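To be precise, the following lines are input_27.pdb, and they hold PDB, C-alpha atoms (C1' of nucleotides).
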```pdb
MODEL        1
ATOM      1  CA  MET A   1       0.000   0.000   0.000  1.00  0.00           C
ATOM      2  CA  LYS A   2       1.624   3.185  -1.158  1.00  0.00           C
ATOM      3  CA  TYR A   3       0.671   6.162   0.916  1.00  0.00           C
ATOM      4  CA  LEU A   4       0.198   9.201  -1.269  1.00  0.00           C
ATOM      5  CA  CYS A   5       2.611  11.948  -0.314  1.00  0.00           C
ATOM      6  CA  ASP A   6       3.256  15.079  -2.336  1.00  0.00           C
ATOM      7  CA  LYS A   7       6.549  16.181  -0.777  1.00  0.00           C
ATOM      8  CA  GLU A   8       6.823  19.258  -2.925  1.00  0.00           C
ATOM      9  CA  GLY A   9       3.304  20.409  -2.178  1.00  0.00           C
ATOM     10  CA  LEU A  10       3.875  19.868   1.516  1.00  0.00           C
ATOM     11  CA  LEU A  11       7.035  21.953   1.401  1.00  0.00           C
ATOM     12  CA  TYR A  12       5.185  24.775  -0.305  1.00  0.00           C
ATOM     13  CA  PHE A  13       2.388  24.603   2.209  1.00  0.00           C
ATOM     14  CA  GLY A  14       4.856  24.599   5.070  1.00  0.00           C
ATOM     15  CA  LYS A  15       6.519  27.703   3.742  1.00  0.00           C
ATOM     16  CA  ARG A  16       3.191  29.396   3.321  1.00  0.00           C
ATOM     17  CA  LEU A  17       2.149  28.512   6.847  1.00  0.00           C
ATOM     18  CA  ARG A  18       5.345  29.927   8.268  1.00  0.00           C
ATOM     19  CA  GLN A  19       4.816  33.061   6.240  1.00  0.00           C
ATOM     20  CA  VAL A  20       1.291  33.585   7.526  1.00  0.00           C
ATOM     21  CA  ARG A  21       2.193  32.643  11.089  1.00  0.00           C
ATOM     22  CA  LEU A  22       4.907  35.297  11.153  1.00  0.00           C
ATOM     23  CA  GLU A  23       2.627  37.838   9.546  1.00  0.00           C
ATOM     24  CA  GLN A  24       0.195  37.232  12.370  1.00  0.00           C
ATOM     25  CA  GLY A  25       2.962  37.501  14.925  1.00  0.00           C
ATOM     26  CA  PHE A  26       2.995  33.999  16.381  1.00  0.00           C
ATOM     27  CA  SER A  27       5.933  31.862  17.379  1.00  0.00           C
ATOM     28  CA  GLN A  28       5.571  28.138  16.692  1.00  0.00           C
ATOM     29  CA  GLU A  29       5.068  27.578  20.375  1.00  0.00           C
ATOM     30  CA  GLU A  30       2.419  30.261  20.723  1.00  0.00           C
ATOM     31  CA  LEU A  31       0.557  28.935  17.731  1.00  0.00           C
ATOM     32  CA  ALA A  32       0.777  25.380  18.988  1.00  0.00           C
ATOM     33  CA  TYR A  33      -0.576  26.323  22.391  1.00  0.00           C
ATOM     34  CA  ALA A  34      -3.367  28.460  20.969  1.00  0.00           C
ATOM     35  CA  CYS A  35      -4.366  25.630  18.615  1.00  0.00           C
ATOM     36  CA  GLY A  36      -4.205  22.907  21.208  1.00  0.00           C
ATOM     37  CA  LEU A  37      -1.478  21.234  19.166  1.00  0.00           C
ATOM     38  CA  THR A  38       2.100  20.442  20.029  1.00  0.00           C
ATOM     39  CA  LEU A  39       5.160  22.435  19.161  1.00  0.00           C
ATOM     40  CA  SER A  40       6.700  19.512  17.346  1.00  0.00           C
ATOM     41  CA  GLN A  41       3.626  19.164  15.191  1.00  0.00           C
ATOM     42  CA  ILE A  42       3.727  22.768  14.005  1.00  0.00           C
ATOM     43  CA  GLY A  43       7.418  22.400  13.274  1.00  0.00           C
ATOM     44  CA  ARG A  44       6.922  19.211  11.337  1.00  0.00           C
ATOM     45  CA  ILE A  45       4.197  20.785   9.231  1.00  0.00           C
ATOM     46  CA  GLU A  46       6.268  23.863   8.439  1.00  0.00           C
ATOM     47  CA  ARG A  47       9.254  21.737   7.481  1.00  0.00           C
ATOM     48  CA  GLY A  48       7.031  19.666   5.216  1.00  0.00           C
ATOM     49  CA  VAL A  49       8.016  16.412   6.863  1.00  0.00           C
ATOM     50  CA  ILE A  50       4.454  15.310   7.492  1.00  0.00           C
ATOM     51  CA  ASN A  51       1.305  15.184   5.513  1.00  0.00           C
ATOM     52  CA  THR A  52      -1.073  16.683   8.011  1.00  0.00           C
ATOM     53  CA  SER A  53      -4.830  16.501   8.086  1.00  0.00           C
ATOM     54  CA  LEU A  54      -7.560  18.889   7.073  1.00  0.00           C
ATOM     55  CA  SER A  55      -8.804  19.325  10.624  1.00  0.00           C
ATOM     56  CA  THR A  56      -5.354  20.377  11.742  1.00  0.00           C
ATOM     57  CA  VAL A  57      -5.196  22.958   8.975  1.00  0.00           C
ATOM     58  CA  PHE A  58      -8.654  24.158   9.903  1.00  0.00           C
ATOM     59  CA  VAL A  59      -7.746  24.907  13.526  1.00  0.00           C
ATOM     60  CA  ILE A  60      -4.540  26.558  12.463  1.00  0.00           C
ATOM     61  CA  ALA A  61      -6.368  28.869  10.080  1.00  0.00           C
ATOM     62  CA  ARG A  62      -8.962  29.682  12.709  1.00  0.00           C
ATOM     63  CA  THR A  63      -6.307  30.400  15.292  1.00  0.00           C
ATOM     64  CA  LEU A  64      -4.339  32.619  12.941  1.00  0.00           C
ATOM     65  CA  GLN A  65      -7.615  34.291  12.013  1.00  0.00           C
ATOM     66  CA  VAL A  66      -7.154  33.856   8.286  1.00  0.00           C
ATOM     67  CA  GLU A  67      -9.466  32.393   5.692  1.00  0.00           C
ATOM     68  CA  LEU A  68      -8.617  29.020   4.196  1.00  0.00           C
ATOM     69  CA  PRO A  69      -8.181  30.349   0.648  1.00  0.00           C
ATOM     70  CA  TYR A  70      -5.619  32.782   2.006  1.00  0.00           C
ATOM     71  CA  LEU A  71      -3.670  30.066   3.758  1.00  0.00           C
ATOM     72  CA  PHE A  72      -3.765  27.994   0.594  1.00  0.00           C
ATOM     73  CA  ASP A  73      -2.525  30.765  -1.635  1.00  0.00           C
ATOM     74  CA  LEU A  74       0.729  28.922  -2.180  1.00  0.00           C
ATOM     75  CA  THR A  75       1.973  30.841  -5.184  1.00  0.00           C
ATOM     76  CA  LEU A  76       3.116  33.982  -3.419  1.00  0.00           C
ATOM     77  CA  PRO A  77       6.832  34.803  -3.198  1.00  0.00           C
ATOM     78  CA  PRO A  78       8.434  34.122   0.185  1.00  0.00           C
ATOM     79  CA  PHE A  79       7.566  36.528   2.922  1.00  0.00           C
ATOM     80  CA  GLU A  80      10.213  39.208   3.421  1.00  0.00           C
ATOM     81  CA  HIS A  81      10.639  39.003   7.126  1.00  0.00           C
ATOM     82  CA  ARG A  82      12.062  42.502   7.475  1.00  0.00           C
ATOM     83  CA  LEU A  83      10.717  45.064   5.039  1.00  0.00           C
TER      84      LEU A  83
ATOM     85  CA  MET B  84      -4.143  10.899  22.924  1.00  0.00           C
ATOM     86  CA  LYS B  85      -7.050  12.733  21.397  1.00  0.00           C
ATOM     87  CA  TYR B  86      -6.902  12.957  17.641  1.00  0.00           C
ATOM     88  CA  LEU B  87      -8.083  16.350  16.506  1.00  0.00           C
ATOM     89  CA  CYS B  88     -11.135  16.061  14.273  1.00  0.00           C
ATOM     90  CA  ASP B  89     -13.310  18.944  13.148  1.00  0.00           C
ATOM     91  CA  LYS B  90     -16.384  17.011  12.008  1.00  0.00           C
ATOM     92  CA  GLU B  91     -18.224  20.117  10.954  1.00  0.00           C
ATOM     93  CA  GLY B  92     -15.324  21.451   8.898  1.00  0.00           C
ATOM     94  CA  LEU B  93     -14.907  18.086   7.240  1.00  0.00           C
ATOM     95  CA  LEU B  94     -18.572  18.008   6.313  1.00  0.00           C
ATOM     96  CA  TYR B  95     -18.327  21.435   4.759  1.00  0.00           C
ATOM     97  CA  PHE B  96     -15.231  20.457   2.854  1.00  0.00           C
ATOM     98  CA  GLY B  97     -16.879  17.274   1.637  1.00  0.00           C
ATOM     99  CA  LYS B  98     -19.837  19.217   0.330  1.00  0.00           C
ATOM    100  CA  ARG B  99     -17.564  21.660  -1.401  1.00  0.00           C
ATOM    101  CA  LEU B 100     -15.579  18.871  -3.008  1.00  0.00           C
ATOM    102  CA  ARG B 101     -18.716  17.247  -4.340  1.00  0.00           C
ATOM    103  CA  GLN B 102     -19.839  20.593  -5.671  1.00  0.00           C
ATOM    104  CA  VAL B 103     -16.593  21.185  -7.539  1.00  0.00           C
ATOM    105  CA  ARG B 104     -16.345  17.605  -8.745  1.00  0.00           C
ATOM    106  CA  LEU B 105     -19.797  17.829 -10.327  1.00  0.00           C
ATOM    107  CA  GLU B 106     -19.018  21.220 -11.793  1.00  0.00           C
ATOM    108  CA  GLN B 107     -16.037  19.632 -13.483  1.00  0.00           C
ATOM    109  CA  GLY B 108     -18.129  16.720 -14.668  1.00  0.00           C
ATOM    110  CA  PHE B 109     -16.541  13.839 -12.780  1.00  0.00           C
ATOM    111  CA  SER B 110     -18.184  10.881 -11.128  1.00  0.00           C
ATOM    112  CA  GLN B 111     -16.575   9.713  -7.887  1.00  0.00           C
ATOM    113  CA  GLU B 112     -15.180   6.750  -9.752  1.00  0.00           C
ATOM    114  CA  GLU B 113     -13.719   8.838 -12.567  1.00  0.00           C
ATOM    115  CA  LEU B 114     -12.130  11.206 -10.111  1.00  0.00           C
ATOM    116  CA  ALA B 115     -10.737   8.367  -8.047  1.00  0.00           C
ATOM    117  CA  TYR B 116      -9.203   6.704 -11.071  1.00  0.00           C
ATOM    118  CA  ALA B 117      -7.757   9.929 -12.442  1.00  0.00           C
ATOM    119  CA  CYS B 118      -6.266  10.733  -9.031  1.00  0.00           C
ATOM    120  CA  GLY B 119      -4.874   7.299  -8.417  1.00  0.00           C
ATOM    121  CA  LEU B 120      -7.098   7.020  -5.363  1.00  0.00           C
ATOM    122  CA  THR B 121      -9.885   4.608  -4.573  1.00  0.00           C
ATOM    123  CA  LEU B 122     -13.554   5.140  -4.993  1.00  0.00           C
ATOM    124  CA  SER B 123     -14.179   4.485  -1.331  1.00  0.00           C
ATOM    125  CA  GLN B 124     -11.703   7.182  -0.388  1.00  0.00           C
ATOM    126  CA  ILE B 125     -13.415   9.849  -2.470  1.00  0.00           C
ATOM    127  CA  GLY B 126     -16.722   8.800  -1.018  1.00  0.00           C
ATOM    128  CA  ARG B 127     -15.454   8.955   2.537  1.00  0.00           C
ATOM    129  CA  ILE B 128     -14.017  12.401   1.987  1.00  0.00           C
ATOM    130  CA  GLU B 129     -17.212  13.759   0.471  1.00  0.00           C
ATOM    131  CA  ARG B 130     -19.274  12.290   3.286  1.00  0.00           C
ATOM    132  CA  GLY B 131     -16.965  13.890   5.799  1.00  0.00           C
ATOM    133  CA  VAL B 132     -16.284  10.620   7.566  1.00  0.00           C
ATOM    134  CA  ILE B 133     -12.521  10.936   7.359  1.00  0.00           C
ATOM    135  CA  ASN B 134     -10.014  13.626   8.014  1.00  0.00           C
ATOM    136  CA  THR B 135      -7.959  13.309   4.891  1.00  0.00           C
ATOM    137  CA  SER B 136      -4.468  14.592   4.246  1.00  0.00           C
ATOM    138  CA  LEU B 137      -3.100  17.603   2.446  1.00  0.00           C
ATOM    139  CA  SER B 138      -1.436  15.512  -0.243  1.00  0.00           C
ATOM    140  CA  THR B 139      -4.725  13.865  -1.051  1.00  0.00           C
ATOM    141  CA  VAL B 140      -6.401  17.235  -1.386  1.00  0.00           C
ATOM    142  CA  PHE B 141      -3.554  18.431  -3.560  1.00  0.00           C
ATOM    143  CA  VAL B 142      -3.928  15.643  -6.107  1.00  0.00           C
ATOM    144  CA  ILE B 143      -7.668  16.057  -6.140  1.00  0.00           C
ATOM    145  CA  ALA B 144      -7.377  19.763  -6.886  1.00  0.00           C
ATOM    146  CA  ARG B 145      -4.813  19.113  -9.583  1.00  0.00           C
ATOM    147  CA  THR B 146      -6.985  16.447 -11.165  1.00  0.00           C
ATOM    148  CA  LEU B 147     -10.069  18.633 -11.102  1.00  0.00           C
ATOM    149  CA  GLN B 148      -7.944  21.444 -12.502  1.00  0.00           C
ATOM    150  CA  VAL B 149      -8.934  23.939  -9.865  1.00  0.00           C
ATOM    151  CA  GLU B 150      -6.796  26.120  -7.628  1.00  0.00           C
ATOM    152  CA  LEU B 151      -6.585  25.266  -3.954  1.00  0.00           C
ATOM    153  CA  PRO B 152      -8.168  28.539  -2.802  1.00  0.00           C
ATOM    154  CA  TYR B 153     -11.146  27.718  -5.000  1.00  0.00           C
ATOM    155  CA  LEU B 154     -11.528  24.265  -3.544  1.00  0.00           C
ATOM    156  CA  PHE B 155     -11.291  25.739  -0.053  1.00  0.00           C
ATOM    157  CA  ASP B 156     -13.919  28.370  -0.646  1.00  0.00           C
ATOM    158  CA  LEU B 157     -16.252  26.656   1.762  1.00  0.00           C
ATOM    159  CA  THR B 158     -18.723  29.445   2.312  1.00  0.00           C
ATOM    160  CA  LEU B 159     -20.615  29.224  -0.967  1.00  0.00           C
ATOM    161  CA  PRO B 160     -24.227  28.052  -1.000  1.00  0.00           C
ATOM    162  CA  PRO B 161     -24.742  24.483  -2.193  1.00  0.00           C
ATOM    163  CA  PHE B 162     -24.292  23.918  -5.881  1.00  0.00           C
ATOM    164  CA  GLU B 163     -27.564  23.797  -7.771  1.00  0.00           C
ATOM    165  CA  HIS B 164     -27.118  20.652  -9.755  1.00  0.00           C
ATOM    166  CA  ARG B 165     -29.640  21.579 -12.432  1.00  0.00           C
ATOM    167  CA  LEU B 166     -29.938  25.225 -13.294  1.00  0.00           C
TER     168      LEU B 166
ATOM    169  C1'  DA C 167     -40.590  -1.468 -14.226  1.00  0.00           C
ATOM    170  C1'  DA C 168     -36.122  -3.138 -15.421  1.00  0.00           C
ATOM    171  C1'  DA C 169     -31.477  -2.281 -16.182  1.00  0.00           C
ATOM    172  C1'  DT C 170     -27.599   0.448 -15.371  1.00  0.00           C
ATOM    173  C1'  DA C 171     -24.699   3.782 -13.199  1.00  0.00           C
ATOM    174  C1'  DT C 172     -23.475   5.987  -9.108  1.00  0.00           C
ATOM    175  C1'  DT C 173     -22.842   6.403  -4.324  1.00  0.00           C
ATOM    176  C1'  DA C 174     -22.874   4.462   0.553  1.00  0.00           C
ATOM    177  C1'  DG C 175     -20.976   1.544   3.836  1.00  0.00           C
ATOM    178  C1'  DA C 176     -18.423  -2.121   6.353  1.00  0.00           C
ATOM    179  C1'  DG C 177     -14.125  -4.722   7.650  1.00  0.00           C
ATOM    180  C1'  DC C 178      -9.159  -5.583   7.669  1.00  0.00           C
ATOM    181  C1'  DA C 179      -3.983  -4.923   7.488  1.00  0.00           C
ATOM    182  C1'  DA C 180      -0.368  -1.683   6.532  1.00  0.00           C
ATOM    183  C1'  DA C 181       1.278   3.004   6.601  1.00  0.00           C
ATOM    184  C1'  DT C 182       1.203   7.430   8.605  1.00  0.00           C
ATOM    185  C1'  DT C 183       0.179  11.116  11.841  1.00  0.00           C
ATOM    186  C1'  DT C 184       0.039  12.751  16.457  1.00  0.00           C
ATOM    187  C1'  DG C 185       1.107  13.778  21.263  1.00  0.00           C
ATOM    188  C1'  DC C 186       4.581  13.436  24.545  1.00  0.00           C
ATOM    189  C1'  DC C 187       9.277  13.702  25.995  1.00  0.00           C
ATOM    190  C1'  DT C 188      13.962  14.734  25.324  1.00  0.00           C
ATOM    191  C1'  DT C 189      18.063  16.688  23.284  1.00  0.00           C
ATOM    192  C1'  DA C 190      20.511  19.516  19.680  1.00  0.00           C
ATOM    193  C1'  DT C 191      20.868  23.381  16.819  1.00  0.00           C
ATOM    194  C1'  DT C 192      20.031  27.771  15.225  1.00  0.00           C
ATOM    195  C1'  DT C 193      18.642  32.583  15.999  1.00  0.00           C
ATOM    196  C1'  DA C 194      18.032  36.709  18.665  1.00  0.00           C
ATOM    197  C1'  DA C 195      18.929  39.567  22.444  1.00  0.00           C
ATOM    198  C1'  DA C 196      21.641  41.492  26.324  1.00  0.00           C
TER     199       DA C 196
ATOM    200  C1'  DT D 197      30.582  36.518  23.911  1.00  0.00           C
ATOM    201  C1'  DT D 198      27.039  34.828  26.942  1.00  0.00           C
ATOM    202  C1'  DT D 199      22.263  34.122  27.750  1.00  0.00           C
ATOM    203  C1'  DA D 200      17.917  33.232  26.390  1.00  0.00           C
ATOM    204  C1'  DA D 201      14.450  32.206  22.888  1.00  0.00           C
ATOM    205  C1'  DA D 202      12.974  29.820  18.941  1.00  0.00           C
ATOM    206  C1'  DT D 203      13.246  26.091  15.855  1.00  0.00           C
ATOM    207  C1'  DA D 204      14.918  21.368  14.457  1.00  0.00           C
ATOM    208  C1'  DA D 205      15.015  16.610  15.177  1.00  0.00           C
ATOM    209  C1'  DG D 206      14.525  11.806  17.072  1.00  0.00           C
ATOM    210  C1'  DG D 207      11.958   7.940  19.323  1.00  0.00           C
ATOM    211  C1'  DC D 208       7.762   5.592  20.902  1.00  0.00           C
ATOM    212  C1'  DA D 209       2.821   4.105  21.536  1.00  0.00           C
ATOM    213  C1'  DA D 210      -1.883   5.076  20.270  1.00  0.00           C
ATOM    214  C1'  DA D 211      -5.167   6.726  16.895  1.00  0.00           C
ATOM    215  C1'  DT D 212      -6.380   7.399  12.196  1.00  0.00           C
ATOM    216  C1'  DT D 213      -6.197   7.091   7.202  1.00  0.00           C
ATOM    217  C1'  DT D 214      -5.787   4.354   3.123  1.00  0.00           C
ATOM    218  C1'  DG D 215      -6.179   0.705  -0.307  1.00  0.00           C
ATOM    219  C1'  DC D 216      -8.496  -3.336  -1.041  1.00  0.00           C
ATOM    220  C1'  DT D 217     -12.601  -6.071  -1.570  1.00  0.00           C
ATOM    221  C1'  DC D 218     -17.207  -6.815  -1.224  1.00  0.00           C
ATOM    222  C1'  DT D 219     -22.176  -5.892  -0.683  1.00  0.00           C
ATOM    223  C1'  DA D 220     -26.178  -2.739  -0.248  1.00  0.00           C
ATOM    224  C1'  DA D 221     -28.570   1.256  -1.342  1.00  0.00           C
ATOM    225  C1'  DT D 222     -29.824   5.056  -4.274  1.00  0.00           C
ATOM    226  C1'  DA D 223     -30.207   7.637  -8.690  1.00  0.00           C
ATOM    227  C1'  DT D 224     -30.496   7.772 -13.482  1.00  0.00           C
ATOM    228  C1'  DT D 225     -31.781   5.913 -18.054  1.00  0.00           C
ATOM    229  C1'  DT D 226     -34.078   3.165 -21.207  1.00  0.00           C
TER     230       DT D 226
ENDMDL
END
```

Show me this structure written as structure tokens.
Amino acid sequence: MKYLCDKEGLLYFGKRLRQVRLEQGFSQEELAYACGLTLSQIGRIERGVINTSLSTVFVIARTLQVELPYLFDLTLPPFEHRL
Amino acid sequence: MKYLCDKEGLLYFGKRLRQVRLEQGFSQEELAYACGLTLSQIGRIERGVINTSLSTVFVIARTLQVELPYLFDLTLPPFEHRL
DNA sequence: AAATATTAGAGCAAATTTGCCTTATTTAAA
DNA sequence: TTTAAATAAGGCAAATTTGCTCTAATATTT
């Protein structure tokens, strides 16, 4: 049984999540706590090492107070941390 | 260990997927085959009984030829099958 | 109505995610 | 540079998803 895993897509999503998280001024730990998730989980998602679930993405979006289409706008250039 | 599961969100997503799938003129079986997934999996996702993964959603979007933000636009009123 | 296509649903083994804990490593601040 | 904060990374058990196969139920067509 081959588990479907789109590494590239997951990497893009991870980058996008990090981008939005920083925009909203959260550390990984703060986000994890506010979501009721663990720090390691947030890290693993942002690094693209796991193929997380929809529900997890839903709570993250809610916690960051962004709409899902915004979080899934994966085509944007990387967030310039310091502008 | 309590697995996070947003039943309501999953139901909304399932409805949205069905909506988009029909818009694009796929049966569950056609979509499953084109995605390299199984029929039962598509069904379970649309019924909101499982909390599927990002990679799965990514292939589905690609196969349906829609952008992720479109697929995650969960606030639209239910698709009127026959207009 | 009968036949056909489509969707629903159940059960099982294998693969993966997740929380929890711990320890490095990197980054930022003092 | 030293100290602290933030992120990376590894391991383990429990929970869940997934493919597979099969059967039932529901729509759709003829």

### Message
Please expand the PyMOL selection byres ((chain A) within 9 of (chain B)) into the concrete residues it hits in this file, giving the result as JSON, numbers by chain.
### Response
{"A": [4, 5, 6, 7, 9, 10, 13, 36, 37, 51, 52, 53, 54, 55, 56, 57, 58, 59, 67, 68, 69, 70, 71, 72, 73, 74]}

### Pick from C:DC187, C:DA180, C:DA169, C:DA196 nearest to chain A, counting all atoms listed in the file
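The answer is C:DA180, which sits nearest to chain A.
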
Give me the residues of chain D that have any atom at most 12 Å from an atom of chain A; for each, the nearest atom pair and the distance in Å, rounded to one decimal. Use all atoms listed in the file, sort by chain and number, and format it as a Markdown table.
```
| residue | atom | partner | partner_atom | distance |
| --- | --- | --- | --- | --- |
| D:DA201 | C1' | A:Ser27 | CA | 10.1 |
| D:DA202 | C1' | A:Ser27 | CA | 7.5 |
| D:DT203 | C1' | A:Gly43 | CA | 7.4 |
| D:DA204 | C1' | A:Gly43 | CA | 7.7 |
| D:DA205 | C1' | A:Ser40 | CA | 9.1 |
| D:DG206 | C1' | A:Ser40 | CA | 11.0 |
| D:DT212 | C1' | A:Ser53 | CA | 10.1 |
| D:DT213 | C1' | A:Tyr3 | CA | 9.4 |
| D:DT214 | C1' | A:Tyr3 | CA | 7.1 |
| D:DG215 | C1' | A:Met1 | CA | 6.2 |
| D:DC216 | C1' | A:Met1 | CA | 9.2 |
```

### Query
If you apply the PyMOL selection byres ((chain A and resi 14) around 8) to this file, what residues do you get, as a list in words?
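Answer for the PyMOL selection byres ((chain A and resi 14) around 8): Leu10, Leu11, Tyr12, Phe13, Lys15, Arg16, Leu17, Arg18, Ile45, Glu46, Arg47 and Gly48 of chain A.
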
### Task
May I ask you to extract the residues of chain C within 12 Å of chain B, using all atoms listed in the file, and to give them as JSON, numbers by chain?
{"C": [171, 172, 173, 174, 175, 176, 182, 183, 184, 185, 186]}

Filtering to C-alpha atoms (C1' of nucleotides), could you give me those residues as a JSON list (two decimals), keeping the file's coordinate frame?
```json
[["chain", "number", "residue", "atom", "x", "y", "z"],
["C", 171, "DA", "C1'", -24.70, 3.78, -13.20],
["C", 172, "DT", "C1'", -23.48, 5.99, -9.11],
["C", 173, "DT", "C1'", -22.84, 6.40, -4.32],
["C", 174, "DA", "C1'", -22.87, 4.46, 0.55],
["C", 175, "DG", "C1'", -20.98, 1.54, 3.84],
["C", 176, "DA", "C1'", -18.42, -2.12, 6.35],
["C", 182, "DT", "C1'", 1.20, 7.43, 8.60],
["C", 183, "DT", "C1'", 0.18, 11.12, 11.84],
["C", 184, "DT", "C1'", 0.04, 12.75, 16.46],
["C", 185, "DG", "C1'", 1.11, 13.78, 21.26],
["C", 186, "DC", "C1'", 4.58, 13.44, 24.54]]
```

Superimposed copy of chain B on chain A by least squares over C-alpha atoms, as a compact mmCIF listing (two decimals) with C-alpha atoms, keeping the file's coordinate frame:
```txt
# COMPACT_ATOMS: atom_id res chain seq x y z
CA MET B 84 -0.04 -0.03 -0.05
CA LYS B 85 1.59 3.17 -1.15
CA TYR B 86 0.63 6.16 0.93
CA LEU B 87 0.18 9.18 -1.28
CA CYS B 88 2.61 11.94 -0.33
CA ASP B 89 3.26 15.07 -2.35
CA LYS B 90 6.55 16.17 -0.78
CA GLU B 91 6.82 19.23 -2.94
CA GLY B 92 3.29 20.40 -2.18
CA LEU B 93 3.86 19.86 1.51
CA LEU B 94 7.02 21.94 1.39
CA TYR B 95 5.19 24.76 -0.31
CA PHE B 96 2.39 24.59 2.20
CA GLY B 97 4.85 24.58 5.08
CA LYS B 98 6.53 27.69 3.75
CA ARG B 99 3.20 29.39 3.32
CA LEU B 100 2.15 28.51 6.85
CA ARG B 101 5.34 29.93 8.28
CA GLN B 102 4.82 33.06 6.23
CA VAL B 103 1.30 33.58 7.53
CA ARG B 104 2.20 32.65 11.08
CA LEU B 105 4.92 35.30 11.16
CA GLU B 106 2.64 37.84 9.54
CA GLN B 107 0.21 37.23 12.38
CA GLY B 108 2.98 37.51 14.93
CA PHE B 109 3.01 34.00 16.38
CA SER B 110 5.95 31.86 17.38
CA GLN B 111 5.58 28.14 16.68
CA GLU B 112 5.08 27.59 20.38
CA GLU B 113 2.41 30.27 20.71
CA LEU B 114 0.55 28.93 17.72
CA ALA B 115 0.78 25.38 18.99
CA TYR B 116 -0.57 26.33 22.39
CA ALA B 117 -3.37 28.46 20.97
CA CYS B 118 -4.35 25.63 18.62
CA GLY B 119 -4.18 22.92 21.21
CA LEU B 120 -1.46 21.24 19.17
CA THR B 121 2.13 20.48 20.03
CA LEU B 122 5.16 22.46 19.13
CA SER B 123 6.69 19.52 17.35
CA GLN B 124 3.61 19.18 15.18
CA ILE B 125 3.74 22.78 13.99
CA GLY B 126 7.41 22.38 13.29
CA ARG B 127 6.91 19.20 11.31
CA ILE B 128 4.19 20.80 9.24
CA GLU B 129 6.26 23.87 8.44
CA ARG B 130 9.24 21.73 7.51
CA GLY B 131 7.04 19.68 5.23
CA VAL B 132 8.01 16.42 6.86
CA ILE B 133 4.45 15.31 7.49
CA ASN B 134 1.29 15.19 5.50
CA THR B 135 -1.06 16.69 8.01
CA SER B 136 -4.83 16.50 8.09
CA LEU B 137 -7.57 18.89 7.08
CA SER B 138 -8.80 19.31 10.64
CA THR B 139 -5.36 20.37 11.75
CA VAL B 140 -5.20 22.95 8.99
CA PHE B 141 -8.65 24.16 9.91
CA VAL B 142 -7.76 24.90 13.52
CA ILE B 143 -4.54 26.55 12.47
CA ALA B 144 -6.36 28.86 10.08
CA ARG B 145 -8.96 29.67 12.70
CA THR B 146 -6.30 30.41 15.29
CA LEU B 147 -4.33 32.61 12.93
CA GLN B 148 -7.59 34.30 11.99
CA VAL B 149 -7.13 33.86 8.28
CA GLU B 150 -9.45 32.38 5.68
CA LEU B 151 -8.59 29.01 4.21
CA PRO B 152 -8.18 30.34 0.66
CA TYR B 153 -5.61 32.78 2.01
CA LEU B 154 -3.67 30.07 3.76
CA PHE B 155 -3.75 27.99 0.59
CA ASP B 156 -2.50 30.75 -1.63
CA LEU B 157 0.74 28.91 -2.19
CA THR B 158 2.02 30.80 -5.18
CA LEU B 159 3.17 33.97 -3.44
CA PRO B 160 6.87 34.78 -3.23
CA PRO B 161 8.46 34.14 0.16
CA PHE B 162 7.54 36.56 2.88
CA GLU B 163 10.17 39.22 3.44
CA HIS B 164 10.57 39.04 7.16
CA ARG B 165 11.97 42.54 7.53
CA LEU B 166 10.68 45.14 5.14
```

How big is the axis-aligned box around all listed atoms of range 201-217 of chain D once 3 Å goes on each side, and where's its centre, in Å to one decimal, as JSON?
```
{"center_x": 1.2, "center_y": 13.1, "center_z": 10.7, "size_x": 33.6, "size_y": 44.3, "size_z": 30.5}
```

### Task
For Ile143 in chain B, work out the shell of residues within 9 Å, counting all atoms listed in the file and skipping chain neighbours fewer than 6 positions away, then give it as a ChimeraX atom specification.
/B:100,114-115,117-118,149

### Query
Separation of CA of Ile42 in chain A and CA of Gln24 in chain A, in Å?
15.0 Å

Please complete range 49-57 of chain A so it has N, CA and C atoms, and hand it over as a PDB file, in the frame of the given file.
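Okay, part-v8.pdb is ready:
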```pdb
ATOM      1  N   VAL A  49       7.644  17.807   6.638  1.00  0.00           N
ATOM      2  CA  VAL A  49       8.016  16.412   6.863  1.00  0.00           C
ATOM      3  C   VAL A  49       6.808  15.520   7.092  1.00  0.00           C
ATOM      4  N   ILE A  50       5.666  16.125   7.358  1.00  0.00           N
ATOM      5  CA  ILE A  50       4.454  15.310   7.492  1.00  0.00           C
ATOM      6  C   ILE A  50       3.339  15.867   6.634  1.00  0.00           C
ATOM      7  N   ASN A  51       2.429  14.989   6.417  1.00  0.00           N
ATOM      8  CA  ASN A  51       1.305  15.184   5.513  1.00  0.00           C
ATOM      9  C   ASN A  51       0.076  15.346   6.387  1.00  0.00           C
ATOM     10  N   THR A  52      -0.084  16.532   6.943  1.00  0.00           N
ATOM     11  CA  THR A  52      -1.073  16.683   8.011  1.00  0.00           C
ATOM     12  C   THR A  52      -2.502  16.652   7.494  1.00  0.00           C
ATOM     13  N   SER A  53      -3.425  16.704   8.420  1.00  0.00           N
ATOM     14  CA  SER A  53      -4.830  16.501   8.086  1.00  0.00           C
ATOM     15  C   SER A  53      -5.570  17.823   7.902  1.00  0.00           C
ATOM     16  N   LEU A  54      -6.723  17.714   7.279  1.00  0.00           N
ATOM     17  CA  LEU A  54      -7.560  18.889   7.073  1.00  0.00           C
ATOM     18  C   LEU A  54      -7.943  19.542   8.392  1.00  0.00           C
ATOM     19  N   SER A  55      -8.374  18.754   9.345  1.00  0.00           N
ATOM     20  CA  SER A  55      -8.804  19.325  10.624  1.00  0.00           C
ATOM     21  C   SER A  55      -7.699  20.144  11.253  1.00  0.00           C
ATOM     22  N   THR A  56      -6.478  19.641  11.178  1.00  0.00           N
ATOM     23  CA  THR A  56      -5.354  20.377  11.742  1.00  0.00           C
ATOM     24  C   THR A  56      -5.193  21.720  11.042  1.00  0.00           C
ATOM     25  N   VAL A  57      -5.303  21.704   9.726  1.00  0.00           N
ATOM     26  CA  VAL A  57      -5.196  22.958   8.975  1.00  0.00           C
ATOM     27  C   VAL A  57      -6.343  23.896   9.341  1.00  0.00           C
TER      28      VAL A  57
END
```
